[in-house]
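**Student:** Structure supplied as input_20.txt; contents: compact mmCIF, C-alpha atoms and all ligand atoms.
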```txt
# COMPACT_ATOMS: atom_id res chain seq x y z
CA MET O 1 90.73 267.39 85.44
CA ASN O 2 87.69 268.86 83.81
CA LEU O 3 87.22 267.97 80.12
CA LEU O 4 83.98 269.76 79.33
CA THR O 5 81.84 272.38 81.01
CA GLY O 6 78.24 273.06 80.03
CA ARG O 7 76.98 276.46 81.21
CA ASP O 8 73.45 277.76 81.20
CA ILE O 9 72.51 275.55 78.28
CA GLY O 10 69.13 275.87 76.64
CA ILE O 11 67.85 274.11 73.53
CA LYS O 12 64.73 275.07 71.67
CA VAL O 13 63.21 272.77 69.03
CA ASP O 14 60.36 274.03 66.84
CA GLU O 15 59.80 277.08 69.07
CA ARG O 16 59.58 274.80 72.14
CA TRP O 17 62.19 274.88 74.89
CA LEU O 18 63.31 271.34 75.71
CA TYR O 19 65.26 272.70 78.68
CA ARG O 20 67.07 275.79 79.90
CA GLU O 21 69.72 276.59 82.48
CA VAL O 22 71.47 273.23 82.23
CA ASP O 23 74.85 273.28 84.01
CA PHE O 24 77.19 270.32 84.22
CA HIS O 25 80.77 269.26 83.86
CA LEU O 26 82.47 266.19 82.54
CA ALA O 27 85.59 265.25 84.47
CA GLN O 28 88.31 263.09 82.97
CA LYS O 29 87.90 259.34 83.61
CA ARG O 30 84.46 259.85 85.17
CA MET O 31 81.22 258.33 83.93
CA LEU O 32 78.50 260.95 83.46
CA ALA O 33 74.96 259.55 83.25
CA ILE O 34 72.38 261.66 81.44
CA VAL O 35 68.92 260.62 82.59
CA GLY O 36 65.40 261.82 81.92
CA ASP O 37 62.10 260.89 80.40
CA ASN O 38 61.59 259.89 76.75
CA GLY O 39 61.64 262.94 74.52
CA VAL O 40 63.13 265.29 77.12
CA GLY O 41 66.12 265.92 74.86
CA LYS O 42 68.95 263.62 75.96
CA THR O 43 69.92 262.75 72.38
CA THR O 44 69.64 266.41 71.42
CA LEU O 45 72.18 267.27 74.13
CA LEU O 46 74.48 264.48 72.89
CA GLN O 47 74.24 265.95 69.39
CA ALA O 48 75.30 269.33 70.78
CA ILE O 49 78.24 267.73 72.62
CA LEU O 50 79.24 266.00 69.36
CA GLY O 51 79.13 269.38 67.60
CA GLN O 52 76.23 268.32 65.36
CA ARG O 53 73.71 270.78 66.75
CA LYS O 54 73.87 274.40 67.93
CA LEU O 55 72.76 275.38 71.39
CA THR O 56 69.98 277.95 71.51
CA GLU O 57 71.66 279.52 74.53
CA GLY O 58 74.58 278.87 76.84
CA GLU O 59 77.90 277.30 76.01
CA LEU O 60 79.85 274.07 75.91
CA GLN O 61 83.51 274.63 76.65
CA TRP O 62 86.14 271.95 75.98
CA HIS O 63 89.15 272.13 78.29
CA THR O 64 91.49 270.48 75.80
CA GLU O 65 94.85 271.92 74.73
CA ASN O 66 93.40 273.52 71.60
CA GLY O 67 89.88 274.01 73.00
CA LYS O 68 88.55 271.59 70.41
CA GLN O 69 86.43 268.49 70.83
CA PRO O 70 88.56 265.40 71.61
CA THR O 71 88.08 262.04 69.86
CA ILE O 72 84.60 260.74 70.66
CA ARG O 73 83.21 257.33 69.74
CA TYR O 74 79.66 256.16 70.09
CA VAL O 75 77.93 252.86 70.97
CA PRO O 76 74.25 252.88 70.00
CA GLN O 77 71.36 250.99 71.53
CA TYR O 78 71.26 247.28 70.66
CA ARG O 79 68.17 246.29 68.73
CA PRO O 80 67.44 242.62 68.08
CA ASP O 81 66.41 243.49 64.51
CA MET O 82 69.65 245.40 63.88
CA GLN O 83 71.36 244.32 60.70
CA ALA O 84 74.01 241.74 61.49
CA PHE O 85 76.87 241.29 59.10
CA PRO O 86 78.11 237.93 57.85
CA LEU O 87 81.53 238.67 59.33
CA TYR O 88 83.72 237.06 61.95
CA ILE O 89 83.75 239.09 65.15
CA LYS O 90 87.49 239.82 64.76
CA ASP O 91 86.92 241.16 61.21
CA PHE O 92 83.92 243.22 62.35
CA VAL O 93 86.01 244.86 65.09
CA ALA O 94 88.93 245.40 62.67
CA LEU O 95 86.63 247.39 60.34
CA SER O 96 87.27 250.38 62.55
CA PHE O 97 90.99 250.55 61.70
CA ASP O 98 91.69 253.22 59.14
CA ARG O 99 93.34 250.99 56.51
CA GLY O 100 92.34 252.77 53.34
CA LEU O 101 92.48 250.20 50.54
CA ARG O 102 94.97 247.96 52.35
CA PRO O 103 93.14 244.65 52.99
CA TRP O 104 95.57 243.26 55.58
CA LEU O 105 96.26 244.35 59.14
CA SER O 106 99.63 245.79 60.11
CA ALA O 107 101.52 244.11 62.96
CA GLN O 108 100.51 246.98 65.24
CA GLU O 109 96.84 246.68 64.27
CA LYS O 110 96.93 242.90 64.91
CA HIS O 111 98.43 243.57 68.33
CA GLN O 112 95.82 246.23 69.10
CA LEU O 113 92.99 243.97 67.88
CA GLN O 114 94.17 241.19 70.16
CA HIS O 115 94.13 243.55 73.15
CA ILE O 116 90.71 244.99 72.38
CA LEU O 117 89.21 241.51 71.93
CA GLU O 118 90.74 240.51 75.26
CA ASP O 119 89.51 243.66 77.01
CA THR O 120 85.96 243.14 75.75
CA ASN O 121 85.80 239.39 76.60
CA LEU O 122 85.61 238.50 72.92
CA LEU O 123 88.90 236.66 72.42
CA ALA O 124 87.31 233.20 72.62
CA LEU O 125 84.61 234.36 70.19
CA ALA O 126 86.90 236.07 67.69
CA ASP O 127 86.25 233.44 64.99
CA ARG O 128 82.48 233.33 65.58
CA ARG O 129 80.26 234.99 62.97
CA ILE O 130 78.68 238.12 64.40
CA ASP O 131 75.27 237.21 62.95
CA THR O 132 75.27 234.08 65.15
CA ALA O 133 76.39 235.92 68.31
CA SER O 134 74.06 236.76 71.20
CA GLY O 135 72.82 240.31 71.80
CA GLY O 136 75.36 240.85 74.58
CA GLU O 137 78.22 239.54 72.43
CA ARG O 138 77.19 241.72 69.49
CA GLN O 139 76.96 244.76 71.70
CA ARG O 140 80.46 244.05 73.04
CA ALA O 141 81.65 243.84 69.43
CA TYR O 142 80.21 247.33 68.78
CA LEU O 143 81.95 248.48 71.96
CA ALA O 144 85.22 246.89 70.77
CA GLN O 145 84.89 248.72 67.42
CA ALA O 146 84.49 252.02 69.25
CA LEU O 147 87.41 251.35 71.62
CA ALA O 148 89.70 250.24 68.78
CA GLN O 149 89.78 253.87 67.68
CA ASN O 150 91.31 254.97 71.00
CA PRO O 151 88.67 257.54 71.86
CA GLN O 152 89.13 259.97 74.75
CA ILE O 153 85.36 259.99 75.23
CA LEU O 154 82.99 257.08 74.81
CA ILE O 155 79.27 257.71 74.47
CA LEU O 156 76.93 254.89 75.45
CA ASP O 157 73.51 255.83 74.09
CA GLU O 158 71.11 253.46 75.87
CA ALA O 159 73.75 250.82 75.11
CA THR O 160 72.38 248.37 77.69
CA ALA O 161 68.73 248.62 76.61
CA ASN O 162 67.25 245.37 75.21
CA LEU O 163 69.97 243.24 76.80
CA ASP O 164 69.27 240.71 79.52
CA ASN O 165 70.62 241.43 83.00
CA SER O 166 73.80 239.41 82.74
CA ALA O 167 74.70 240.85 79.31
CA LYS O 168 73.96 244.35 80.60
CA TYR O 169 76.26 243.97 83.61
CA GLU O 170 78.97 242.25 81.57
CA LEU O 171 78.98 245.17 79.09
CA MET O 172 79.20 247.75 81.88
CA ASP O 173 81.91 245.76 83.73
CA VAL O 174 83.96 245.71 80.52
CA VAL O 175 83.50 249.48 80.07
CA LYS O 176 84.43 250.19 83.71
CA HIS O 177 87.48 247.92 83.61
CA TYR O 178 88.67 249.50 80.36
CA ARG O 179 88.16 253.01 81.78
CA ASP O 180 90.11 252.06 84.93
CA HIS O 181 93.12 251.08 82.80
CA HIS O 182 93.00 253.70 80.03
CA ASP O 183 92.47 257.41 79.63
CA LEU O 184 88.76 257.13 78.88
CA THR O 185 85.84 259.33 79.93
CA ILE O 186 82.29 258.12 79.49
CA ILE O 187 78.93 259.74 78.86
CA MET O 188 76.01 257.35 79.10
CA VAL O 189 72.38 257.98 78.40
CA SER O 190 70.28 255.49 80.29
CA HIS O 191 66.78 254.85 81.52
CA ASP O 192 68.12 252.15 83.82
CA LEU O 193 68.61 253.76 87.21
CA ASP O 194 70.14 250.56 88.63
CA ILE O 195 72.90 250.77 86.02
CA VAL O 196 73.28 254.50 86.70
CA SER O 197 73.62 253.92 90.43
CA ASP O 198 76.00 250.95 90.02
CA TYR O 199 78.33 252.52 87.43
CA GLY O 200 77.71 256.26 87.16
CA ASP O 201 80.00 258.79 88.84
CA ASP O 202 77.96 261.92 88.07
CA TYR O 203 74.42 262.35 86.84
CA LEU O 204 72.56 265.00 84.89
CA LEU O 205 68.80 264.73 85.22
CA LEU O 206 66.91 266.62 82.51
CA THR O 207 63.25 267.47 82.94
CA PRO O 208 61.14 270.15 81.25
CA HIS O 209 60.81 271.96 84.58
CA GLY O 210 64.31 271.91 85.92
CA ASN O 211 67.55 270.01 85.84
CA GLU O 212 69.85 268.51 88.39
CA PHE O 213 73.56 267.72 88.22
CA GLY O 214 75.40 265.90 90.95
CA ASP O 215 77.53 263.06 92.20
CA CYS O 216 75.81 259.66 91.95
CA LYS O 217 77.17 258.62 95.31
CA ASP O 218 75.42 261.54 96.99
CA ALA O 219 72.25 261.08 94.95
CA ASP O 220 69.24 259.66 96.62
CA LEU O 221 68.29 257.25 93.89
CA ALA O 222 64.83 256.65 95.34
CA ARG O 223 64.12 260.40 95.23
CA LEU O 224 65.61 260.68 91.76
CA LYS O 225 63.38 257.82 90.65
CA VAL O 226 60.28 259.45 92.12
CA ARG O 227 61.17 262.70 90.36
CA TYR O 228 61.94 260.84 87.17
CA ASP O 229 58.76 258.75 87.30
CA ALA O 230 56.69 261.88 87.95
CA ASP O 231 57.68 263.05 84.49
CA VAL O 232 56.79 259.80 82.74
N1 LIG O 301 65.44 267.86 64.14
C1 LIG O 301 64.34 267.89 64.89
N2 LIG O 301 63.19 268.43 64.42
C2 LIG O 301 62.08 268.46 65.17
N3 LIG O 301 62.00 267.96 66.41
C3 LIG O 301 63.09 267.40 66.94
C4 LIG O 301 64.32 267.34 66.21
N4 LIG O 301 65.25 266.73 66.99
C5 LIG O 301 64.62 266.43 68.15
N5 LIG O 301 63.34 266.84 68.12
C6 LIG O 301 62.35 266.72 69.22
O1 LIG O 301 63.02 267.13 70.38
C7 LIG O 301 62.58 266.34 71.49
C8 LIG O 301 63.79 265.70 72.16
O2 LIG O 301 64.23 264.59 71.40
P1 LIG O 301 65.41 263.64 71.88
O3 LIG O 301 65.53 262.56 70.87
O4 LIG O 301 66.60 264.45 72.16
O5 LIG O 301 64.83 263.07 73.25
P2 LIG O 301 65.42 261.89 74.17
O6 LIG O 301 65.40 262.39 75.56
O7 LIG O 301 66.74 261.43 73.65
O8 LIG O 301 64.32 260.77 73.97
P3 LIG O 301 64.39 259.17 74.09
O9 LIG O 301 64.64 258.85 75.53
O10 LIG O 301 63.04 258.74 73.65
O11 LIG O 301 65.49 258.70 73.17
C9 LIG O 301 61.57 265.36 70.94
O12 LIG O 301 60.29 265.88 71.16
C10 LIG O 301 61.90 265.31 69.47
O13 LIG O 301 60.75 264.99 68.74
```
The structure given in the file should be rewritten as structure tokens.
Ligand SMILES: Nc1ncnc2c1ncn2[C@@H]1O[C@H](COP(=O)(O)OP(=O)(O)OP(=O)(O)O)[C@@H](O)[C@H]1O
**Tutor:**
Amino acid sequence: MNLLTGRDIGIKVDERWLYREVDFHLAQKRMLAIVGDNGVGKTTLLQAILGQRKLTEGELQWHTENGKQPTIRYVPQYRPDMQAFPLYIKDFVALSFDRGLRPWLSAQEKHQLQHILEDTNLLALADRRIDTASGGERQRAYLAQALAQNPQILILDEATANLDNSAKYELMDVVKHYRDHHDLTIIMVSHDLDIVSDYGDDYLLLTPHGNEFGDCKDADLARLKVRYDADV
């Protein structure tokens, strides 16, 4: 099932076209990888998908029951200098429950927390302070926070950047496993074409002189890389 269709999209910033004639679709439970050079406008497109920015031309059409944007949650890029909170990992993840002023967790929230910690390989680390956790563990805690809100769409915005190889693959394995067992659709922005080829289902390549949308399994990654590198 198709969740979102982008048709003939063009975005202009400061009288400069970032891109035009972008066509793509986002199918339910697929992982769409948006790739392209720095500054080409990947984040700008994400902002449009999130409803935070208007398209200059074209349209984004949600194929939901009411035609509105479904629940979307976001995992940002990990930065080693990112502020780390003096909180236990379980309490950090539980911050995403909408508890109002109630300081305790309901039985259902405790149950859900347990599952999310399990699904993100954090159960054994639940009582570890997040400011003492490794980059990969911290990034999985951000992922757990996003998943605890039961999103229909998860956005990974360069979420594996700055992680070492094993942390990168562990994060993506967790995302893939979660997607395989839940109703989750993923949009990832990544510069890492190995990750895109290993985990992506569809790709959207943005360049200032033309765009390409297709199935990752049919994509010739070497050619994509040459095209991508030519723009760097
Ligand atoms: N609000 C704004 N005002 C002016 N320029 C903007 C604004 N938002 C984005 N831009 C410009 O639009 C271009 C696209 O930016 P964007 O952040 O979307 O690129 P990106 O592909 O995500 O880059 P990166 O890979 O480096 O994160 C950049 O040249 C940026 O400076």
**Student:** Can you tell me which residues sit at most 10 Å away from ligand LIG 301 (chain O), counting only C-alpha atoms and all ligand atoms, written as JSON, numbers by chain?
**Tutor:** {"O": [11, 12, 13, 14, 15, 16, 17, 18, 19, 34, 35, 36, 37, 38, 39, 40, 41, 42, 43, 44, 45, 46, 47, 53, 77, 157, 158, 189, 190, 191, 206, 207]}
**Student:** Closest to Leu125 (chain O) among O:Asp91, O:Gly200, O:Gln145, O:Arg99, using all atoms listed in the file?
**Tutor:**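 The answer is O:Asp91, which sits nearest to Leu125 (chain O).
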**Student:** Using only C-alpha atoms, pick whichever of O:Met172, O:Leu147, O:Ile153, O:Ala126 has the shortest atom-to-atom distance to Leu3 (chain O).
**Tutor:**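 Ranked by minimum distance to Leu3 (chain O), first place goes to O:Ile153.
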**Student:** Hey, which of O:Leu171, O:Leu32, O:Leu113, O:Leu26 ends up closest to Phe97 (chain O)? Count all atoms listed in the file.
**Tutor:**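 Residue with the minimum atom-to-atom distance to Phe97 (chain O): O:Leu113.
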**Student:** For Glu212 (chain O), list every protein, DNA or RNA residue within 8 Å, evaluated using all atoms listed in the file, and leave out those in the same chain fewer than 6 positions away; present the list as a PDB file with C-alpha atoms, in the coordinates of the input.
**Tutor:**
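Result file selection13.pdb:
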```
ATOM      1  CA  VAL O  22      71.470 273.230  82.230  1.00  0.00           C
ATOM      2  CA  TYR O 203      74.420 262.350  86.840  1.00  0.00           C
ATOM      3  CA  LEU O 204      72.560 265.000  84.890  1.00  0.00           C
ATOM      4  CA  LEU O 205      68.800 264.730  85.220  1.00  0.00           C
ATOM      5  CA  LEU O 206      66.910 266.620  82.510  1.00  0.00           C
TER       6      LEU O 206
END
```
